[in-house]
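Everything below concerns the one structure shown next.
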Amino acid sequence: MENSKQQKWRRFVRRNGHLAIMTLPGVLALFCFAYMPMFGAIIAFKSFNVEKGIWGSEWAGFDNFRYLFASSDAWRITYNTLYLNALFIVFGLIISVGLALLMNEIKNRWMNRFYQSALFFPYLLSWVVVGYIGFTLLSTDNGLVNKWLAYSGAEPIQWFAEPKYWPVILVLVNSWKIAGYYSIIYLAGMLGISNDFYEAARIDGASKWQQIRSITLPLLVPIITVMTLLQIGRIFYADFGLFYNVTRDTGLLYETTDVIDTYVFRMLRTVGDIGMASSAGFYQAIVGLLLVVLSNYVVRRIDKDNALF
Amino acid sequence: MELRKRSRLPAAQIMLHVILLIISLLCILPLIVVISASLSDEAALTQNGYSLIPTQFSLDAYQFLFRQPDQLLRSYGVTFLVTGIGTIASLLVTSLLAYPLSRKDFQLRRSLSMYILFTMLFSGGLVPSYMVVSRVFHLKDTIWSLILPYLVIAWFVFLMRTFFATIPDEIIESAKIDGVGEYRLYFQIIVPLSTPVLATIGLFCTLNYWNDWYLALLYIDDRNLIPLQYLLMNIMKNIEVINSSVNATTSIIPSDTVRMATATLAIGPIIFVYLFFQKFFVRGLTVGAVKG
């Protein structure tokens, strides 16, 4: 009995040992920088004391959460995160599929390549640089937008003091930066569609528009579903770089631009309120998890092959 | 058929080209404004505002930067080092993790996939991550705090696994029959067959490290370890970070133009990297997108 167990183990090691060793560095890195913080998330239930550390600090139960949800901040950052991310997903999808459809019709290969490179270009820039670009456009005295406004006789606008414009600005900036990336993914999906379908449709006298509506788009649905599901699963996480750099972390704009991630960062590094920061972070992680599992479940019900897990 | 295709609606094609050209310009022009500002005269810029073409051409900003280039060169050095080490280490560790997951005979395949997938679904959040890096591993103000947190990214592992899975089993089988060990099989057969996906993920890793300011914002206080993007972020708030001679009573201190010149210098190298990787890019991205 003992012997056969040992034999089994030995056989297991012989078959998997080397491959398992290969994975070791990656497994360790994930353990240190992904799993250890997960265990550390219990800090949200503690009254953190620097000297005692995470494990030694006193338990605080749900106190941190009570403070968080008693403030008006919790509602504001949740609303802003969900609302802006929803806008990003919808506009990002429309624009990138639209661009992919346009590029798919371009016959000239060289030009097609040029368009792909140009549209992808903003994706290469860091959010810091995008913040610089935003500043050249929106700066009150020198900005290009205000120059154009003056040129057409309109009053200049203090962009960095007017929260009401920012949802639109953020949607534009975000689409500008990522639409090229997504459109290349969708274009790759379109290139994978067999030409026979279009050939047959043309013989039947289908117009270009009809071909797009009844061949290209339906066959693109799997990729669109997966990409959108990925984004919906992360709808509770905001792109910190966008919100921190493009708004230049301007307090006057928080009303419409403060999201969970910027709030957690500010509480941790500027205000130094570990309780608020960690409870908001934990709230984000839990709701985030529920949303991924839920959206995956929905996709599974519709089409099993497209589910993530 | 060929003839009909060619003669069909050239007007429509021209329309498409015009639309796409305009959109392409919209993607590139904003950066031209930054570059043009960096080549402008400070006084002219203050008076006329930003524009597509410098209203009064001047190299003052660049001269100013290179008069006392210590901080700039240092930040360049940090960024190059972090990007170099980070990209190579990340590619190696990620592919070594992804390859066994693509092997159907690897018995830990399912459990390891779950282990990696779970990091995509749940995260401890900023506060515990910050505590782990700064208090458990004491990486604050070290170069490792800029490299290690991005070493393995779950999504990249799955992109690579999907690619590796397309390599025919027969290649692996026959190598094993010839007595090739797992490590040699990986380095001498699998890696050379995987250039498209390695190039694509390599570009993403390079972008991640080159463009990072977030880890520096969290973990770097030491001026000697400030990477380029974080330097850029700081001089947006305070121009003195870049050049201590700012305090000197010179006639006019360029600030906006110097900011834009630094931004221009920070973008330069990444464009070359992109042009180099680009030919692999669409192919590599396609493979991963089919199924995550």
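Going through the structure tokens in order, the chains are called A, B, and so on, while each chain numbers its residues from 1 and the ligands are numbered from 1 in the order shown.
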
Q: Mind checking which residues fall within 9 Å of segment 190-196 of chain A, counting only C-alpha atoms, ignoring those fewer than 5 positions away in the same chain, and posting them as a list in words?
A: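 Result of the neighbour search: Ala100, Leu101, Asn104, Ile185, Ala201, Ile215, Thr216, Leu217, Leu219 and Leu220 of chain A.
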
**Q.** Residue list (helix (DSSP H, G or I), DSSP) for segment 166-256 of chain B, as a PyMOL selection string
**A.** chain B and resi 169-177+182-193+195-210+214-219+223-225+228-237+239-241+244-247+256

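Counting only C-alpha atoms, the residue from B:Ala89, B:Leu97, B:Cys27, B:Leu21 that sits nearest to Leu159 of chain B is B:Leu97.
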
Name all residues at most 8 Å from Phe164 of chain B (count only C-alpha atoms; drop same-chain ones fewer than 3 positions away) and give them as a PDB file with C-alpha atoms, in the first residue's frame.
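Dumped to selection.pdb:
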ATOM      1  CA  ALA B  98       2.312  29.699 -19.907  1.00  0.00           C
ATOM      2  CA  TYR B  99       4.029  26.881 -21.785  1.00  0.00           C
ATOM      3  CA  SER B 102      -0.577  24.524 -22.900  1.00  0.00           C
ATOM      4  CA  MET B 160       0.680  33.089 -24.484  1.00  0.00           C
ATOM      5  CA  ARG B 161      -0.922  29.804 -23.476  1.00  0.00           C
ATOM      6  CA  ILE B 167       1.946  24.357 -31.777  1.00  0.00           C
ATOM      7  CA  ILE B 190       9.146  26.190 -28.589  1.00  0.00           C
ATOM      8  CA  SER B 194       6.718  31.589 -30.916  1.00  0.00           C
TER       9      SER B 194
END

Q. Hey, which of A:Met22, A:Arg76, A:Phe12, A:Gly143 ends up closest to Arg184 of chain B? Count only C-alpha atoms.
A. A:Met22

Given only C-alpha atoms, how would the per-residue table for chain B near chain A read, listing every residue at most 7 Å away with its closest atom pair and distance in Å to one decimal, sorted by chain and number, as JSON lines?
{"residue": "B:Gln13", "atom": "CA", "partner": "A:Ile106", "partner_atom": "CA", "distance": 6.9}
{"residue": "B:Leu16", "atom": "CA", "partner": "A:Leu102", "partner_atom": "CA", "distance": 6.6}
{"residue": "B:Leu20", "atom": "CA", "partner": "A:Tyr115", "partner_atom": "CA", "distance": 6.9}
{"residue": "B:Ser24", "atom": "CA", "partner": "A:Ala118", "partner_atom": "CA", "distance": 5.3}
{"residue": "B:Cys27", "atom": "CA", "partner": "A:Leu119", "partner_atom": "CA", "distance": 6.0}
{"residue": "B:Ile28", "atom": "CA", "partner": "A:Ala118", "partner_atom": "CA", "distance": 6.7}
{"residue": "B:Pro30", "atom": "CA", "partner": "A:Ile133", "partner_atom": "CA", "distance": 6.2}
{"residue": "B:Leu31", "atom": "CA", "partner": "A:Ile133", "partner_atom": "CA", "distance": 6.7}
{"residue": "B:Val34", "atom": "CA", "partner": "A:Ile133", "partner_atom": "CA", "distance": 6.5}
{"residue": "B:Thr46", "atom": "CA", "partner": "A:Asn142", "partner_atom": "CA", "distance": 6.9}
{"residue": "B:Gly49", "atom": "CA", "partner": "A:Asn142", "partner_atom": "CA", "distance": 3.9}
{"residue": "B:Tyr50", "atom": "CA", "partner": "A:Leu144", "partner_atom": "CA", "distance": 5.8}
{"residue": "B:Ser51", "atom": "CA", "partner": "A:Leu144", "partner_atom": "CA", "distance": 6.8}
{"residue": "B:Val93", "atom": "CA", "partner": "A:Gly26", "partner_atom": "CA", "distance": 5.5}
{"residue": "B:Thr94", "atom": "CA", "partner": "A:Gly26", "partner_atom": "CA", "distance": 6.4}
{"residue": "B:Leu96", "atom": "CA", "partner": "A:Met22", "partner_atom": "CA", "distance": 5.4}
{"residue": "B:Leu97", "atom": "CA", "partner": "A:Thr23", "partner_atom": "CA", "distance": 4.3}
{"residue": "B:Pro100", "atom": "CA", "partner": "A:Leu19", "partner_atom": "CA", "distance": 5.6}
{"residue": "B:Phe106", "atom": "CA", "partner": "A:Asn16", "partner_atom": "CA", "distance": 5.9}
{"residue": "B:Gln107", "atom": "CA", "partner": "A:Asn16", "partner_atom": "CA", "distance": 6.7}
{"residue": "B:Thr119", "atom": "CA", "partner": "A:Ala34", "partner_atom": "CA", "distance": 6.3}
{"residue": "B:Leu121", "atom": "CA", "partner": "A:Leu289", "partner_atom": "CA", "distance": 5.5}
{"residue": "B:Phe122", "atom": "CA", "partner": "A:Leu289", "partner_atom": "CA", "distance": 5.6}
{"residue": "B:Ser123", "atom": "CA", "partner": "A:Met38", "partner_atom": "CA", "distance": 5.8}
{"residue": "B:Gly124", "atom": "CA", "partner": "A:Met38", "partner_atom": "CA", "distance": 3.9}
{"residue": "B:Gly125", "atom": "CA", "partner": "A:Gly281", "partner_atom": "CA", "distance": 5.3}
{"residue": "B:Leu126", "atom": "CA", "partner": "A:Gly281", "partner_atom": "CA", "distance": 6.7}
{"residue": "B:Val127", "atom": "CA", "partner": "A:Ser278", "partner_atom": "CA", "distance": 5.6}
{"residue": "B:Pro128", "atom": "CA", "partner": "A:Pro37", "partner_atom": "CA", "distance": 4.8}
{"residue": "B:Ser129", "atom": "CA", "partner": "A:Pro37", "partner_atom": "CA", "distance": 4.9}
{"residue": "B:Val132", "atom": "CA", "partner": "A:Pro37", "partner_atom": "CA", "distance": 6.4}
{"residue": "B:Pro149", "atom": "CA", "partner": "A:Phe33", "partner_atom": "CA", "distance": 6.0}
{"residue": "B:Val152", "atom": "CA", "partner": "A:Gly26", "partner_atom": "CA", "distance": 6.3}
{"residue": "B:Glu182", "atom": "CA", "partner": "A:His18", "partner_atom": "CA", "distance": 6.5}
{"residue": "B:Leu207", "atom": "CA", "partner": "A:Leu124", "partner_atom": "CA", "distance": 6.8}
{"residue": "B:Asn211", "atom": "CA", "partner": "A:Ser126", "partner_atom": "CA", "distance": 4.9}
{"residue": "B:Gln229", "atom": "CA", "partner": "A:Val128", "partner_atom": "CA", "distance": 6.6}
{"residue": "B:Met233", "atom": "CA", "partner": "A:Val128", "partner_atom": "CA", "distance": 6.2}
{"residue": "B:Ala263", "atom": "CA", "partner": "A:Val129", "partner_atom": "CA", "distance": 6.4}
{"residue": "B:Leu285", "atom": "CA", "partner": "A:Ile185", "partner_atom": "CA", "distance": 6.9}
{"residue": "B:Thr286", "atom": "CA", "partner": "A:Ala188", "partner_atom": "CA", "distance": 5.7}
{"residue": "B:Ala289", "atom": "CA", "partner": "A:Ile185", "partner_atom": "CA", "distance": 6.5}
{"residue": "B:Val290", "atom": "CA", "partner": "A:Ile223", "partner_atom": "CA", "distance": 6.9}

**Q.** Nearest to Leu252 of chain A, chosen from A:Pro167, A:Tyr182, A:Asp273, A:Phe160, with only C-alpha atoms counted in the distances
**A.**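 Of A:Pro167, A:Tyr182, A:Asp273, A:Phe160, the one nearest Leu252 of chain A is A:Phe160, counting only C-alpha atoms.
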
Q.
From the options A:Gly272, A:Ala179, A:Arg300, A:Leu138, which residue's atoms come nearest to Val246 of chain A, counting only C-alpha atoms?
A.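 Among the listed residues, the smallest separation from Val246 of chain A belongs to A:Leu138.
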
(Q) Show me, as a list in words, the residues that have an atom within 12 Å of Val78 of chain B when counting only C-alpha atoms, minus same-chain residues fewer than 6 positions from it. (A)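 Skipping anything fewer than 6 positions along the chain leaves Gln71, Leu72, Gly84, Ile85, Gly86, Thr142, Ile143, Trp144, Leu146, Ile147, Tyr209, Trp210, Asp212, Trp213, Ala216, Ile220, Asp222, Arg223, Asn224, Leu225, Ile226, Pro227, Leu228, Gln229, Tyr230 and Leu231 of chain B.
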
I need the chosen residues saved as a PDB file, in the first residue's frame, with C-alpha atoms.
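Saved the output as part03.pdb:
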ATOM      1  CA  GLN B  71      18.300  64.612 -13.482  1.00  0.00           C
ATOM      2  CA  LEU B  72      17.105  63.980 -17.019  1.00  0.00           C
ATOM      3  CA  GLY B  84      15.258  46.298 -20.070  1.00  0.00           C
ATOM      4  CA  ILE B  85      15.381  44.072 -17.018  1.00  0.00           C
ATOM      5  CA  GLY B  86      11.622  44.130 -16.585  1.00  0.00           C
ATOM      6  CA  THR B 142      14.573  50.312  -4.677  1.00  0.00           C
ATOM      7  CA  ILE B 143      14.524  49.595  -8.371  1.00  0.00           C
ATOM      8  CA  TRP B 144      12.740  46.279  -7.685  1.00  0.00           C
ATOM      9  CA  LEU B 146       9.381  49.321 -10.193  1.00  0.00           C
ATOM     10  CA  ILE B 147       9.863  45.864 -11.727  1.00  0.00           C
ATOM     11  CA  TYR B 209       7.512  49.513 -17.928  1.00  0.00           C
ATOM     12  CA  TRP B 210       8.437  52.468 -20.105  1.00  0.00           C
ATOM     13  CA  ASP B 212       4.974  53.505 -15.756  1.00  0.00           C
ATOM     14  CA  TRP B 213       4.720  56.323 -13.260  1.00  0.00           C
ATOM     15  CA  ALA B 216       7.071  55.329  -8.807  1.00  0.00           C
ATOM     16  CA  ILE B 220       9.854  56.144  -4.984  1.00  0.00           C
ATOM     17  CA  ASP B 222      14.641  58.999  -3.773  1.00  0.00           C
ATOM     18  CA  ARG B 223      15.477  61.505  -6.537  1.00  0.00           C
ATOM     19  CA  ASN B 224      18.081  59.151  -7.959  1.00  0.00           C
ATOM     20  CA  LEU B 225      15.448  56.531  -8.760  1.00  0.00           C
ATOM     21  CA  ILE B 226      12.831  58.714 -10.405  1.00  0.00           C
ATOM     22  CA  PRO B 227      11.885  57.207 -13.786  1.00  0.00           C
ATOM     23  CA  LEU B 228      11.204  59.381 -16.809  1.00  0.00           C
ATOM     24  CA  GLN B 229       7.402  59.395 -16.706  1.00  0.00           C
ATOM     25  CA  TYR B 230       7.355  60.249 -13.025  1.00  0.00           C
ATOM     26  CA  LEU B 231       9.852  63.040 -13.642  1.00  0.00           C
TER      27      LEU B 231
END

(Q) List the spatial neighbours of Lys164 of chain A as a PyMOL selection string - criterion: any atom at most 9 Å away, only C-alpha atoms, same-chain residues fewer than 6 positions off excluded. (A) chain A and resi 253+255-256

Suppose we keep N, CA and C atoms; can you now write the selection as an mmCIF file, in the first residue's frame?
data_model
loop_
_atom_site.group_PDB
_atom_site.id
_atom_site.type_symbol
_atom_site.label_atom_id
_atom_site.label_comp_id
_atom_site.auth_asym_id
_atom_site.auth_seq_id
_atom_site.Cartn_x
_atom_site.Cartn_y
_atom_site.Cartn_z
ATOM 1 N N LEU A 253 -12.856 69.387 -9.514
ATOM 2 C CA LEU A 253 -13.555 68.514 -10.459
ATOM 3 C C LEU A 253 -14.057 67.227 -9.812
ATOM 4 N N GLU A 255 -16.374 66.307 -8.021
ATOM 5 C CA GLU A 255 -17.810 66.031 -8.106
ATOM 6 C C GLU A 255 -18.132 65.051 -9.236
ATOM 7 N N THR A 256 -17.509 65.240 -10.410
ATOM 8 C CA THR A 256 -17.810 64.329 -11.523
ATOM 9 C C THR A 256 -16.649 63.423 -11.889
#

Q.
Just want the 9 Å neighbourhood of Val171 of chain A, counted on only C-alpha atoms, with same-chain residues fewer than 5 positions away dropped. Output as a PyMOL selection string.
A. chain A and resi 84-85+87-88+91-92+166+176

Selected residues, N, CA and C atoms, written as a PDB file, in the first residue's frame, please.
ATOM      1  N   LEU A  84     -19.206  56.488 -15.522  1.00  0.00           N
ATOM      2  CA  LEU A  84     -18.176  56.802 -16.516  1.00  0.00           C
ATOM      3  C   LEU A  84     -17.688  55.548 -17.221  1.00  0.00           C
ATOM      4  N   ASN A  85     -17.491  54.455 -16.463  1.00  0.00           N
ATOM      5  CA  ASN A  85     -17.048  53.222 -17.117  1.00  0.00           C
ATOM      6  C   ASN A  85     -18.094  52.716 -18.102  1.00  0.00           C
ATOM      7  N   LEU A  87     -20.159  54.552 -19.816  1.00  0.00           N
ATOM      8  CA  LEU A  87     -20.014  55.392 -21.011  1.00  0.00           C
ATOM      9  C   LEU A  87     -18.805  54.959 -21.832  1.00  0.00           C
ATOM     10  N   PHE A  88     -17.685  54.676 -21.144  1.00  0.00           N
ATOM     11  CA  PHE A  88     -16.467  54.253 -21.855  1.00  0.00           C
ATOM     12  C   PHE A  88     -16.728  52.985 -22.657  1.00  0.00           C
ATOM     13  N   PHE A  91     -19.306  53.783 -25.731  1.00  0.00           N
ATOM     14  CA  PHE A  91     -18.707  54.575 -26.803  1.00  0.00           C
ATOM     15  C   PHE A  91     -17.481  53.885 -27.390  1.00  0.00           C
ATOM     16  N   GLY A  92     -16.703  53.236 -26.514  1.00  0.00           N
ATOM     17  CA  GLY A  92     -15.533  52.512 -27.004  1.00  0.00           C
ATOM     18  C   GLY A  92     -15.937  51.441 -28.001  1.00  0.00           C
ATOM     19  N   TRP A 166     -16.728  67.447 -17.651  1.00  0.00           N
ATOM     20  CA  TRP A 166     -15.722  66.388 -17.608  1.00  0.00           C
ATOM     21  C   TRP A 166     -16.166  65.004 -18.028  1.00  0.00           C
ATOM     22  N   TRP A 176     -10.221  58.149 -27.509  1.00  0.00           N
ATOM     23  CA  TRP A 176      -9.056  58.493 -28.342  1.00  0.00           C
ATOM     24  C   TRP A 176      -7.912  57.544 -28.053  1.00  0.00           C
TER      25      TRP A 176
END

Q.
For a quick check of understanding, using only C-alpha atoms, which of A:Tyr198, A:Tyr79, A:Tyr244, A:Phe45 has the smallest distance to Arg213 of chain A?
A.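 Among the listed residues, the smallest separation from Arg213 of chain A belongs to A:Tyr198.
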